[in-house]
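Asks: See model_9.csv below, with CSV, C-alpha atoms and all ligand atoms.
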chain,number,residue,atom,x,y,z
A,1,MET,CA,5.3,-29.6,-15.8
A,2,LEU,CA,5.2,-25.9,-16.8
A,3,HIS,CA,2.2,-25.3,-14.5
A,4,SER,CA,4.0,-27.0,-11.6
A,5,PHE,CA,7.2,-25.0,-12.2
A,6,ALA,CA,5.4,-21.7,-12.5
A,7,GLY,CA,3.2,-22.5,-9.5
A,8,ILE,CA,6.2,-23.2,-7.3
A,9,ASN,CA,8.0,-20.1,-8.4
A,10,GLY,CA,5.1,-17.8,-7.6
A,11,HIS,CA,4.1,-20.2,-4.7
A,12,SER,CA,0.5,-19.8,-5.8
A,13,PHE,CA,-1.8,-20.7,-8.6
A,14,THR,CA,-0.2,-19.8,-11.9
A,15,ASP,CA,-2.8,-17.2,-13.0
A,16,LYS,CA,-1.8,-15.1,-10.0
A,17,SER,CA,1.8,-14.4,-10.9
A,18,SER,CA,3.4,-12.1,-13.5
A,19,TYR,CA,4.7,-13.7,-16.7
A,20,LEU,CA,7.5,-11.1,-16.7
A,21,ASP,CA,8.5,-12.1,-13.2
A,22,GLN,CA,8.4,-15.8,-14.2
A,23,LEU,CA,10.8,-14.9,-17.0
A,24,ARG,CA,13.1,-13.1,-14.6
A,25,TRP,CA,13.6,-16.4,-12.7
A,26,TYR,CA,14.3,-18.1,-16.0
A,27,ALA,CA,16.8,-15.4,-16.9
A,28,LEU,CA,18.5,-15.8,-13.5
A,29,GLY,CA,19.1,-19.4,-14.6
A,30,ASP,CA,20.8,-18.2,-17.8
A,31,TYR,CA,17.7,-19.2,-19.7
A,32,ASP,CA,18.1,-22.8,-18.8
A,33,LEU,CA,15.5,-24.5,-16.6
A,34,TRP,CA,17.9,-26.9,-15.0
A,35,ASN,CA,20.5,-24.2,-14.4
A,36,MET,CA,17.8,-22.2,-12.8
A,37,TRP,CA,17.0,-25.0,-10.3
A,38,ASP,CA,20.7,-25.6,-9.8
A,39,ASN,CA,21.1,-21.9,-8.9
A,40,LEU,CA,18.1,-22.0,-6.6
A,41,SER,CA,19.1,-25.0,-4.6
A,42,ARG,CA,22.8,-25.8,-4.7
A,43,TYR,CA,24.3,-23.4,-2.2
A,44,ARG,CA,23.3,-23.4,1.4
A,45,PHE,CA,24.8,-21.7,4.5
A,46,ALA,CA,27.2,-23.9,6.3
A,47,GLY,CA,25.8,-23.8,9.8
A,48,GLY,CA,22.3,-22.8,8.7
A,49,THR,CA,20.8,-19.4,7.8
A,50,LYS,CA,21.2,-18.3,11.4
A,51,SER,CA,24.9,-18.3,10.8
A,52,LEU,CA,24.5,-15.3,8.4
A,53,ILE,CA,23.0,-13.0,11.0
A,54,GLU,CA,25.6,-14.1,13.5
A,55,LYS,CA,28.4,-13.2,11.0
A,56,MET,CA,26.7,-9.8,10.3
A,57,HIS,CA,26.5,-9.2,14.0
A,58,ALA,CA,30.1,-10.0,14.6
A,59,ASP,CA,31.0,-7.7,11.7
A,60,GLY,CA,28.6,-4.8,12.5
A,61,ASP,CA,28.5,-4.5,16.2
A,62,PHE,CA,24.9,-3.4,16.3
A,63,GLU,CA,22.0,-4.1,18.7
A,64,THR,CA,19.2,-6.4,17.6
A,65,ARG,CA,15.8,-6.2,19.4
A,66,LEU,CA,13.7,-9.3,18.8
A,67,GLY,CA,10.0,-9.2,19.5
A,68,THR,CA,9.9,-5.4,18.9
A,69,VAL,CA,7.1,-4.5,16.6
A,70,ILE,CA,7.3,-1.1,14.9
A,71,SER,CA,3.8,0.5,14.6
A,72,LYS,CA,4.6,4.1,13.7
A,73,VAL,CA,7.4,6.0,11.8
A,74,HIS,CA,7.3,9.8,12.0
A,75,GLN,CA,9.7,12.1,10.2
A,76,GLY,CA,9.9,15.8,11.2
A,77,GLY,CA,12.6,18.3,11.7
A,78,ASP,CA,16.0,16.7,11.6
A,79,LYS,CA,15.0,13.3,12.9
A,80,VAL,CA,12.8,10.2,12.5
A,81,THR,CA,10.9,8.9,15.5
A,82,VAL,CA,10.0,5.2,15.4
A,83,THR,CA,7.3,4.0,17.9
A,84,THR,CA,7.1,0.4,19.0
A,85,ASN,CA,3.7,-1.3,19.7
A,86,ARG,CA,4.6,-1.0,23.4
A,87,GLY,CA,4.9,2.8,23.1
A,88,GLU,CA,8.6,3.0,23.2
A,89,LYS,CA,10.0,5.8,21.0
A,90,ILE,CA,13.4,5.6,19.2
A,91,GLU,CA,14.9,8.5,17.5
A,92,ALA,CA,17.3,8.4,14.6
A,93,ARG,CA,18.8,10.6,11.8
A,94,SER,CA,17.4,8.1,9.2
A,95,VAL,CA,15.5,4.8,9.2
A,96,VAL,CA,15.6,1.8,6.9
A,97,VAL,CA,12.3,0.0,6.5
A,98,ALA,CA,13.2,-3.6,5.7
A,99,VAL,CA,9.9,-5.4,6.5
A,100,PRO,CA,8.3,-7.7,3.9
A,101,LEU,CA,6.3,-6.0,1.1
A,102,ASN,CA,3.1,-7.4,2.5
A,103,CYS,CA,3.7,-5.7,5.9
A,104,ILE,CA,4.7,-2.2,4.9
A,105,HIS,CA,1.1,-0.9,5.0
A,106,ASP,CA,0.7,-2.1,8.6
A,107,ILE,CA,3.1,0.6,9.8
A,108,GLU,CA,1.6,4.1,10.2
A,109,PHE,CA,3.9,6.6,8.4
A,110,SER,CA,3.5,10.3,9.0
A,111,PRO,CA,3.6,12.1,6.7
A,112,SER,CA,2.3,9.2,4.7
A,113,ILE,CA,4.6,7.4,2.3
A,114,SER,CA,3.5,7.3,-1.4
A,115,LYS,CA,0.3,5.7,-2.5
A,116,ILE,CA,2.1,3.5,-5.0
A,117,LYS,CA,4.1,1.9,-2.2
A,118,LEU,CA,1.0,1.4,0.1
A,119,ASP,CA,-1.1,0.1,-2.8
A,120,ALA,CA,1.6,-2.5,-3.8
A,121,SER,CA,1.9,-3.5,-0.1
A,122,ARG,CA,-1.9,-4.0,0.3
A,123,ARG,CA,-2.1,-5.9,-3.0
A,124,GLY,CA,0.9,-8.1,-1.9
A,125,HIS,CA,3.1,-10.6,-3.6
A,126,THR,CA,1.8,-14.0,-4.7
A,127,GLY,CA,3.8,-16.2,-2.3
A,128,SER,CA,1.1,-17.9,-0.2
A,129,GLY,CA,1.6,-21.6,-0.6
A,130,THR,CA,2.9,-24.4,1.6
A,131,LYS,CA,6.2,-26.1,2.2
A,132,VAL,CA,6.6,-29.2,4.3
A,133,TYR,CA,9.5,-31.4,5.3
A,134,ALA,CA,8.9,-35.0,6.4
A,135,GLN,CA,11.1,-37.7,8.0
A,136,VAL,CA,10.7,-41.0,6.2
A,137,GLU,CA,10.6,-44.5,7.8
A,138,GLY,CA,13.2,-46.8,6.3
A,139,LYS,CA,14.7,-46.2,2.8
A,140,ASN,CA,12.8,-45.6,-0.4
A,141,PRO,CA,14.1,-44.8,-3.9
A,142,VAL,CA,15.2,-41.2,-4.3
A,143,PHE,CA,12.6,-39.4,-6.2
A,144,MET,CA,11.4,-36.0,-7.6
A,145,GLY,CA,7.9,-35.5,-8.9
A,146,HIS,CA,5.8,-32.8,-10.4
A,147,GLY,CA,2.0,-32.8,-10.1
A,148,LYS,CA,-1.0,-30.8,-11.0
A,149,GLU,CA,-1.7,-27.4,-9.5
A,150,SER,CA,-4.7,-28.8,-7.7
A,151,MET,CA,-2.8,-31.5,-5.9
A,152,PRO,CA,-2.0,-30.9,-2.2
A,153,LEU,CA,1.7,-30.8,-3.2
A,154,CYS,CA,2.5,-30.0,-6.8
A,155,PHE,CA,6.2,-30.7,-6.3
A,156,ALA,CA,7.8,-33.3,-4.0
A,157,TRP,CA,11.3,-34.8,-3.8
A,158,THR,CA,13.9,-36.5,-1.6
A,159,GLU,CA,15.7,-33.6,0.1
A,160,TYR,CA,18.2,-35.6,2.2
A,161,ASN,CA,19.3,-39.2,1.6
A,162,ASP,CA,21.6,-40.2,4.4
A,163,ALA,CA,23.0,-43.6,5.2
A,164,ARG,CA,20.1,-44.5,7.5
A,165,SER,CA,17.4,-41.9,7.0
A,166,GLN,CA,15.6,-39.8,4.4
A,167,VAL,CA,13.8,-36.5,4.5
A,168,VAL,CA,11.4,-35.6,1.8
A,169,CYS,CA,10.1,-32.1,1.0
A,170,GLY,CA,7.1,-30.8,-0.9
A,171,PHE,CA,5.6,-27.5,-2.1
A,172,GLY,CA,1.9,-26.9,-2.5
A,173,LEU,CA,0.2,-23.8,-4.0
A,174,SER,CA,-2.3,-23.1,-1.2
A,175,PRO,CA,-3.0,-23.9,2.5
A,176,SER,CA,-6.6,-24.6,1.2
A,177,LEU,CA,-5.2,-27.7,-0.6
A,178,LEU,CA,-3.2,-29.1,2.4
A,179,ASP,CA,-3.3,-28.7,6.1
A,180,VAL,CA,0.4,-29.0,6.9
A,181,ASN,CA,-0.4,-29.8,10.6
A,182,ASP,CA,-2.6,-32.8,9.7
A,183,ASP,CA,-0.4,-35.9,9.7
A,184,ASP,CA,-2.8,-37.9,7.6
A,185,GLU,CA,-3.1,-35.2,4.9
A,186,VAL,CA,0.7,-34.9,4.7
A,187,GLN,CA,1.1,-38.6,4.5
A,188,ALA,CA,-1.6,-38.8,1.7
A,189,ALA,CA,0.0,-35.9,-0.2
A,190,PHE,CA,3.4,-37.6,-0.4
A,191,ASN,CA,1.7,-41.0,-1.2
A,192,GLN,CA,0.4,-39.4,-4.4
A,193,TYR,CA,4.0,-39.5,-5.6
A,194,MET,CA,5.3,-42.5,-3.6
A,195,PRO,CA,2.5,-44.9,-2.6
A,196,ARG,CA,4.6,-47.0,-0.3
A,197,LEU,CA,6.4,-44.1,1.5
A,198,ARG,CA,5.7,-43.9,5.3
A,199,ILE,CA,6.3,-40.8,7.2
A,200,SER,CA,7.3,-40.8,10.9
A,201,GLU,CA,7.0,-37.0,11.5
A,202,SER,CA,6.7,-33.8,9.5
A,203,VAL,CA,7.4,-30.1,10.1
A,204,SER,CA,6.1,-26.9,8.5
A,205,TYR,CA,5.3,-23.3,9.3
A,206,ASP,CA,2.4,-21.3,8.0
A,207,TRP,CA,4.0,-18.0,7.0
A,208,ASN,CA,0.7,-16.8,5.7
A,209,GLN,CA,-0.6,-16.7,9.3
A,210,ASP,CA,2.5,-14.9,10.6
A,211,PRO,CA,1.5,-11.2,10.9
A,212,TYR,CA,5.1,-10.2,10.3
A,213,SER,CA,5.5,-11.9,6.9
A,214,LYS,CA,1.9,-12.5,5.7
A,215,GLY,CA,3.2,-14.8,3.0
A,216,THR,CA,6.1,-16.8,1.8
A,217,TRP,CA,8.7,-15.8,-0.9
A,218,CYS,CA,8.0,-12.9,-3.1
A,219,MET,CA,6.9,-13.0,-6.8
A,220,TYR,CA,5.0,-10.1,-8.2
A,221,PRO,CA,1.4,-10.2,-9.6
A,222,PRO,CA,0.9,-8.9,-13.1
A,223,GLY,CA,1.8,-5.2,-13.5
A,224,MET,CA,3.6,-4.7,-10.2
A,225,LEU,CA,7.1,-4.9,-11.6
A,226,THR,CA,6.5,-2.1,-14.1
A,227,SER,CA,4.2,0.0,-12.0
A,228,SER,CA,5.7,-0.2,-8.5
A,229,LEU,CA,9.2,-1.6,-8.2
A,230,ALA,CA,11.2,1.6,-8.8
A,231,GLU,CA,8.8,3.5,-6.4
A,232,LEU,CA,9.1,0.8,-3.7
A,233,GLN,CA,12.9,1.3,-3.8
A,234,ARG,CA,12.7,5.1,-3.7
A,235,PRO,CA,13.7,6.7,-0.4
A,236,GLU,CA,11.2,9.2,1.1
A,237,GLY,CA,13.0,12.0,3.0
A,238,LYS,CA,14.9,10.3,5.9
A,239,ILE,CA,13.1,6.9,5.3
A,240,PHE,CA,14.9,4.3,3.2
A,241,PHE,CA,13.6,1.0,2.0
A,242,ALA,CA,15.3,-2.4,1.7
A,243,GLY,CA,14.6,-6.1,1.6
A,244,ALA,CA,14.4,-9.1,-0.7
A,245,ASP,CA,10.9,-8.1,-1.9
A,246,ILE,CA,12.2,-4.9,-3.6
A,247,ALA,CA,15.5,-6.3,-5.0
A,248,ASN,CA,16.3,-6.1,-8.7
A,249,GLY,CA,17.9,-9.4,-9.3
A,250,TRP,CA,17.1,-12.3,-6.9
A,251,ARG,CA,14.0,-10.6,-5.7
A,252,GLY,CA,12.3,-12.9,-3.1
A,253,PHE,CA,15.6,-14.6,-2.1
A,254,ILE,CA,18.3,-14.1,0.6
A,255,ASP,CA,20.6,-13.0,-2.2
A,256,GLY,CA,18.1,-10.2,-3.1
A,257,ALA,CA,18.0,-9.1,0.5
A,258,ILE,CA,21.8,-8.7,0.4
A,259,GLU,CA,21.7,-6.9,-2.9
A,260,SER,CA,19.0,-4.5,-1.7
A,261,GLY,CA,20.7,-4.0,1.7
A,262,ALA,CA,24.0,-3.1,0.0
A,263,ARG,CA,22.3,-0.6,-2.3
A,264,THR,CA,20.4,1.1,0.5
A,265,ALA,CA,23.5,1.2,2.7
A,266,THR,CA,25.2,3.2,0.0
A,267,GLN,CA,22.2,5.5,-0.4
A,268,ILE,CA,22.2,6.2,3.4
A,269,ASP,CA,25.9,6.7,3.5
A,270,GLU,CA,25.6,9.3,0.8
A,271,TYR,CA,22.6,10.9,2.5
A,272,LEU,CA,24.2,11.2,5.9
A,273,SER,CA,27.4,12.6,4.6
A,274,VAL,CA,25.9,15.0,2.0
A,275,GLY,CA,22.1,15.1,1.9
A,276,ALA,CA,21.4,15.5,5.6
A,277,SER,CA,23.4,18.7,5.8
A,278,GLU,CA,21.6,20.3,2.8
A,301,LIG,C1,9.3,-21.4,3.2
A,301,LIG,C2,10.3,-20.4,2.5
A,301,LIG,C3,11.4,-21.0,1.9
A,301,LIG,C4,12.3,-20.1,1.3
A,301,LIG,N1,13.4,-20.7,0.7
A,301,LIG,C5,14.4,-19.8,0.2
A,301,LIG,C6,15.6,-20.4,-0.3
A,301,LIG,O1,15.8,-21.6,-0.5
A,301,LIG,N2,16.6,-19.5,-0.7
A,301,LIG,C7,16.4,-18.2,-0.6
A,301,LIG,O2,17.3,-17.4,-1.0
A,301,LIG,N3,15.3,-17.6,-0.1
A,301,LIG,C8,14.3,-18.4,0.3
A,301,LIG,N4,13.2,-17.9,0.8
A,301,LIG,C9,13.0,-16.4,0.8
A,301,LIG,C10,13.8,-15.7,1.8
A,301,LIG,O3,13.6,-16.3,3.1
A,301,LIG,C11,13.4,-14.3,1.9
A,301,LIG,O4,13.4,-13.7,0.6
A,301,LIG,C12,14.3,-13.5,2.8
A,301,LIG,O5,14.5,-14.0,4.1
A,301,LIG,C13,13.9,-12.1,2.9
A,301,LIG,O6,14.8,-11.3,3.7
A,301,LIG,P1,14.4,-9.9,4.2
A,301,LIG,O7,15.5,-9.5,5.1
A,301,LIG,O8,14.1,-9.0,3.0
A,301,LIG,O9,13.0,-10.1,5.0
A,301,LIG,P2,12.7,-11.0,6.2
A,301,LIG,O10,13.7,-12.0,6.4
A,301,LIG,O11,11.3,-11.4,6.0
A,301,LIG,O12,12.8,-9.9,7.4
A,301,LIG,C14,11.9,-8.9,7.6
A,301,LIG,C15,11.7,-8.8,9.1
A,301,LIG,O13,10.8,-7.8,9.4
A,301,LIG,C16,10.1,-8.2,10.6
A,301,LIG,N5,8.9,-7.3,10.6
A,301,LIG,C17,7.7,-7.3,9.9
A,301,LIG,N6,6.9,-6.4,10.3
A,301,LIG,C18,7.5,-5.7,11.3
A,301,LIG,C19,7.2,-4.6,12.1
A,301,LIG,N7,6.0,-3.9,12.0
A,301,LIG,N8,8.1,-4.2,13.1
A,301,LIG,C20,9.3,-4.8,13.3
A,301,LIG,N9,9.6,-5.9,12.5
A,301,LIG,C21,8.8,-6.3,11.5
A,301,LIG,C22,9.8,-9.6,10.4
A,301,LIG,O14,9.5,-10.3,11.6
A,301,LIG,C23,11.1,-10.1,9.8
A,301,LIG,O15,12.0,-10.5,10.8
A,301,LIG,C24,12.2,-18.7,1.4
A,301,LIG,C25,11.1,-18.2,2.1
A,301,LIG,C26,10.2,-19.0,2.7
A,301,LIG,C27,9.0,-18.5,3.4
Any chance you could put this one into structure tokens?
Ligand SMILES: Cc1cc2nc3c(=O)[nH]c(=O)nc-3n(C[C@H](O)[C@H](O)[C@H](O)COP(=O)(O)OP(=O)(O)OC[C@H]3O[C@@H](n4cnc5c(N)ncnc54)[C@H](O)[C@@H]3O)c2cc1C

Replies:
Amino acid sequence: MLHSFAGINGHSFTDKSSYLDQLRWYALGDYDLWNMWDNLSRYRFAGGTKSLIEKMHADGDFETRLGTVISKVHQGGDKVTVTTNRGEKIEARSVVVAVPLNCIHDIEFSPSISKIKLDASRRGHTGSGTKVYAQVEGKNPVFMGHGKESMPLCFAWTEYNDARSQVVCGFGLSPSLLDVNDDDEVQAAFNQYMPRLRISESVSYDWNQDPYSKGTWCMYPPGMLTSSLAELQRPEGKIFFAGADIANGWRGFIDGAIESGARTATQIDEYLSVGASE
């Protein structure tokens, strides 16, 4: 049970993640495992996660450019110049880098940002497992099951149990244990928990292959919290850093992204009203 829990939290084999960071999750559940799971899964966005960005847009009146990859960030004089991979240059008084931890080192910073930040980014967080949703044929008993780390899914459960249909969900610790695009493998993985369950279709996404995330949710490997977190949060000149992967509390969660964003917004506000004129 413990290995399954710790594996899911770090979304990797348990020897990869920091014990201290595992304890942080436990602390966020008021030192109660069931409370932790309740905190992790009870609240969802009405209207889906997309509704959050729509609300932020309506409130902030800013421009969003999708499909615009930033390859360079240069600070010099009184401005920062950001270069996209299509060569477009954007100038600003300050910049917030809010890319996932695993992607920071893909951006060329001049002058370079600190070695601690770059090393932490290269080392990366542990989140590298699988998550799959599957539509079930007919009705089965509602279930929740924990399994060994080596199983294709070490945690599986009934996510939705509607009047006429069911959706099951499962986490695995590595794409090497389960090809989420192989229907037979997915079927067999759920059948380890529910032998009679039949799946009509499944959906997943391999975040490990996505060059702009290079992993799933963030948990730190041993030593990173004490050696790198404070530095990852530290602004460098006109460049500020934000994102769930460098939050203090719910690091690796949407809540952490909001916490970090709020803190960084305050830093920039202070910088632009005082620091920039110094
Ligand atoms: C499968 C899965 C399930 C999860 N479940 C939950 C959950 O139930 N609850 C929860 O709270 N959290 C969950 N999380 C974690 C949560 O999604 C993240 O912690 C959160 O989205 C991070 O927000 P962020 O704004 O810091 O980073 P992101 O949402 O990752 O945003 C960073 C953005 O930077 C972009 N980017 C990267 N590199 C570049 C570049 N060079 N130039 C321009 N853009 C770039 C990326 O494309 C991305 O859009 C889950 C994550 C995964 C993968």

Asks: Listing only residues of chain A within 6 Å of ligand LIG 301 (chain A), what is the closest atom pair and its distance in Å (to one decimal) for each, using all atoms listed in the file, sorted by chain and residue number ascending, as CSV?

Replies:
residue,atom,partner,partner_atom,distance
A:Thr68,CA,A:LIG301,C20,5.7
A:Val69,CA,A:LIG301,N8,3.7
A:Ile70,CA,A:LIG301,N8,3.7
A:Ser71,CA,A:LIG301,N7,5.6
A:Ala98,CA,A:LIG301,C14,5.8
A:Val99,CA,A:LIG301,O13,3.9
A:Pro100,CA,A:LIG301,O11,5.2
A:Cys103,CA,A:LIG301,N6,5.5
A:Ile107,CA,A:LIG301,N7,5.8
A:Lys131,CA,A:LIG301,C1,5.7
A:Tyr212,CA,A:LIG301,C17,3.9
A:Ser213,CA,A:LIG301,O11,5.9
A:Thr216,CA,A:LIG301,C27,3.7
A:Trp217,CA,A:LIG301,C25,4.5
A:Gly243,CA,A:LIG301,O8,3.3
A:Ala244,CA,A:LIG301,O8,3.7
A:Asp245,CA,A:LIG301,O8,5.9
A:Gly252,CA,A:LIG301,O4,3.9
A:Phe253,CA,A:LIG301,O2,3.5
A:Ile254,CA,A:LIG301,O2,3.8
A:Asp255,CA,A:LIG301,O2,5.6
A:Ala257,CA,A:LIG301,O8,4.6

Asks: Would you mind telling me which residue in A:Thr264, A:Thr49, A:Thr14, A:Asn181 lies nearest to A:Asp206 when using only C-alpha atoms?

Replies: A:Asn181

Asks: Counting only C-alpha atoms, which residues of stretch 84-170 of chain A sit at most 7 Å from some atom of stretch 225-239 of chain A, and what is each one's closest atom pair with its distance in Å to one decimal, listed by chain and rising residue number, as a tab-separated table?

Replies:
residue	atom	partner	partner_atom	distance
A:Ser94	CA	A:Lys238	CA	4.7
A:Val95	CA	A:Ile239	CA	5.0
A:Val96	CA	A:Ile239	CA	5.9
A:Ile113	CA	A:Glu236	CA	6.9
A:Ile116	CA	A:Ser228	CA	6.2
A:Lys117	CA	A:Leu232	CA	5.3
A:Ala120	CA	A:Ser228	CA	6.6

Asks: Mind giving me the straight-line distance from atom CA of A:Gly127 to atom CA of A:Tyr160 in Å, one decimal?

Replies: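 Going from atom CA of A:Gly127 over to atom CA of A:Tyr160, I get 24.6 Å.
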
Asks: From the list A:Gly124, A:Gly87, A:Pro141, A:Gly172, which residue is nearest A:Phe155 when using only C-alpha atoms?

Replies: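 Checking each of A:Gly124, A:Gly87, A:Pro141, A:Gly172 against A:Phe155, counting only C-alpha atoms, the winner is A:Gly172.
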
Asks: Atom CA of A:Cys169 and atom CA of A:Tyr133, how far apart in Å?

Replies: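 So the answer is 4.4 Å.
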
Asks: With distances taken over all atoms listed in the file, which residue among A:Ala92, A:Leu118, A:Val186, A:Met194 lies nearest A:Asn140?

Replies: A:Met194

Asks: Suppose you want the space between atom CA of A:Gly129 and atom CA of A:Glu185; what is it in Å?

Replies: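 According to the coordinates, atom CA of A:Gly129 and atom CA of A:Glu185 are separated by 15.4 Å.
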
Asks: Pick the closest to A:Tyr19 from A:Thr64, A:Ile258, A:Gly7, A:Asp38: which is it, counting only C-alpha atoms?

Replies: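 Nearest candidate to A:Tyr19 out of A:Thr64, A:Ile258, A:Gly7, A:Asp38: A:Gly7.
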
Asks: For A:Leu177, which residue out of A:Lys214, A:His125, A:His105, A:Lys148 is the nearest one, using only C-alpha atoms?

Replies: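 Residue with the minimum atom-to-atom distance to A:Leu177: A:Lys148.
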
Asks: Using only C-alpha atoms, which of the listed residues (A:Ser150, A:Thr130, A:Asn9, A:Gln135) sits closest to A:Trp207?

Replies: A:Thr130

Asks: Skipping near chain neighbours, those fewer than 4 positions away, what residues fall within 6 Å of A:Val80 using all atoms listed in the file, listed as a PyMOL selection string?

Replies: chain A and resi 74-75+91-92

Asks: With the input short on atoms, add N, CA and C atoms back to stretch 66-82 of chain A and write it as a PDB file, keeping the file's coordinate frame.

Replies:
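So the final result, stored in selection_2.pdb, reads:
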ATOM      1  N   LEU A  66      14.750  -8.366  19.293  1.00  0.00           N
ATOM      2  CA  LEU A  66      13.700  -9.300  18.800  1.00  0.00           C
ATOM      3  C   LEU A  66      12.409  -8.983  19.489  1.00  0.00           C
ATOM      4  N   GLY A  67      11.312  -9.388  18.882  1.00  0.00           N
ATOM      5  CA  GLY A  67      10.000  -9.200  19.500  1.00  0.00           C
ATOM      6  C   GLY A  67       9.632  -7.724  19.649  1.00  0.00           C
ATOM      7  N   THR A  68      10.206  -6.867  18.831  1.00  0.00           N
ATOM      8  CA  THR A  68       9.900  -5.400  18.900  1.00  0.00           C
ATOM      9  C   THR A  68       9.215  -4.992  17.650  1.00  0.00           C
ATOM     10  N   VAL A  69       7.920  -4.829  17.745  1.00  0.00           N
ATOM     11  CA  VAL A  69       7.100  -4.500  16.600  1.00  0.00           C
ATOM     12  C   VAL A  69       7.056  -2.982  16.402  1.00  0.00           C
ATOM     13  N   ILE A  70       7.344  -2.508  15.205  1.00  0.00           N
ATOM     14  CA  ILE A  70       7.300  -1.100  14.900  1.00  0.00           C
ATOM     15  C   ILE A  70       5.864  -0.761  14.406  1.00  0.00           C
ATOM     16  N   SER A  71       5.196   0.173  15.065  1.00  0.00           N
ATOM     17  CA  SER A  71       3.800   0.500  14.600  1.00  0.00           C
ATOM     18  C   SER A  71       3.777   1.869  13.932  1.00  0.00           C
ATOM     19  N   LYS A  72       4.701   2.791  14.284  1.00  0.00           N
ATOM     20  CA  LYS A  72       4.600   4.100  13.700  1.00  0.00           C
ATOM     21  C   LYS A  72       6.053   4.607  13.300  1.00  0.00           C
ATOM     22  N   VAL A  73       6.108   5.342  12.190  1.00  0.00           N
ATOM     23  CA  VAL A  73       7.400   6.000  11.800  1.00  0.00           C
ATOM     24  C   VAL A  73       7.006   7.432  11.438  1.00  0.00           C
ATOM     25  N   HIS A  74       7.563   8.359  12.196  1.00  0.00           N
ATOM     26  CA  HIS A  74       7.300   9.800  12.000  1.00  0.00           C
ATOM     27  C   HIS A  74       8.540  10.524  11.633  1.00  0.00           C
ATOM     28  N   GLN A  75       8.502  11.295  10.522  1.00  0.00           N
ATOM     29  CA  GLN A  75       9.700  12.100  10.200  1.00  0.00           C
ATOM     30  C   GLN A  75       9.283  13.591  10.321  1.00  0.00           C
ATOM     31  N   GLY A  76      10.106  14.326  11.051  1.00  0.00           N
ATOM     32  CA  GLY A  76       9.900  15.800  11.200  1.00  0.00           C
ATOM     33  C   GLY A  76      11.123  16.397  11.735  1.00  0.00           C
ATOM     34  N   GLY A  77      11.375  17.644  11.311  1.00  0.00           N
ATOM     35  CA  GLY A  77      12.600  18.300  11.700  1.00  0.00           C
ATOM     36  C   GLY A  77      13.806  17.553  11.182  1.00  0.00           C
ATOM     37  N   ASP A  78      14.791  17.348  12.044  1.00  0.00           N
ATOM     38  CA  ASP A  78      16.000  16.700  11.600  1.00  0.00           C
ATOM     39  C   ASP A  78      16.069  15.228  12.041  1.00  0.00           C
ATOM     40  N   LYS A  79      14.935  14.677  12.437  1.00  0.00           N
ATOM     41  CA  LYS A  79      15.000  13.300  12.900  1.00  0.00           C
ATOM     42  C   LYS A  79      13.763  12.470  12.525  1.00  0.00           C
ATOM     43  N   VAL A  80      13.923  11.174  12.695  1.00  0.00           N
ATOM     44  CA  VAL A  80      12.800  10.200  12.500  1.00  0.00           C
ATOM     45  C   VAL A  80      12.517   9.617  13.854  1.00  0.00           C
ATOM     46  N   THR A  81      11.240   9.531  14.202  1.00  0.00           N
ATOM     47  CA  THR A  81      10.900   8.900  15.500  1.00  0.00           C
ATOM     48  C   THR A  81      10.097   7.601  15.135  1.00  0.00           C
ATOM     49  N   VAL A  82      10.614   6.526  15.659  1.00  0.00           N
ATOM     50  CA  VAL A  82      10.000   5.200  15.400  1.00  0.00           C
ATOM     51  C   VAL A  82       9.329   4.800  16.738  1.00  0.00           C
TER      52      VAL A  82
END
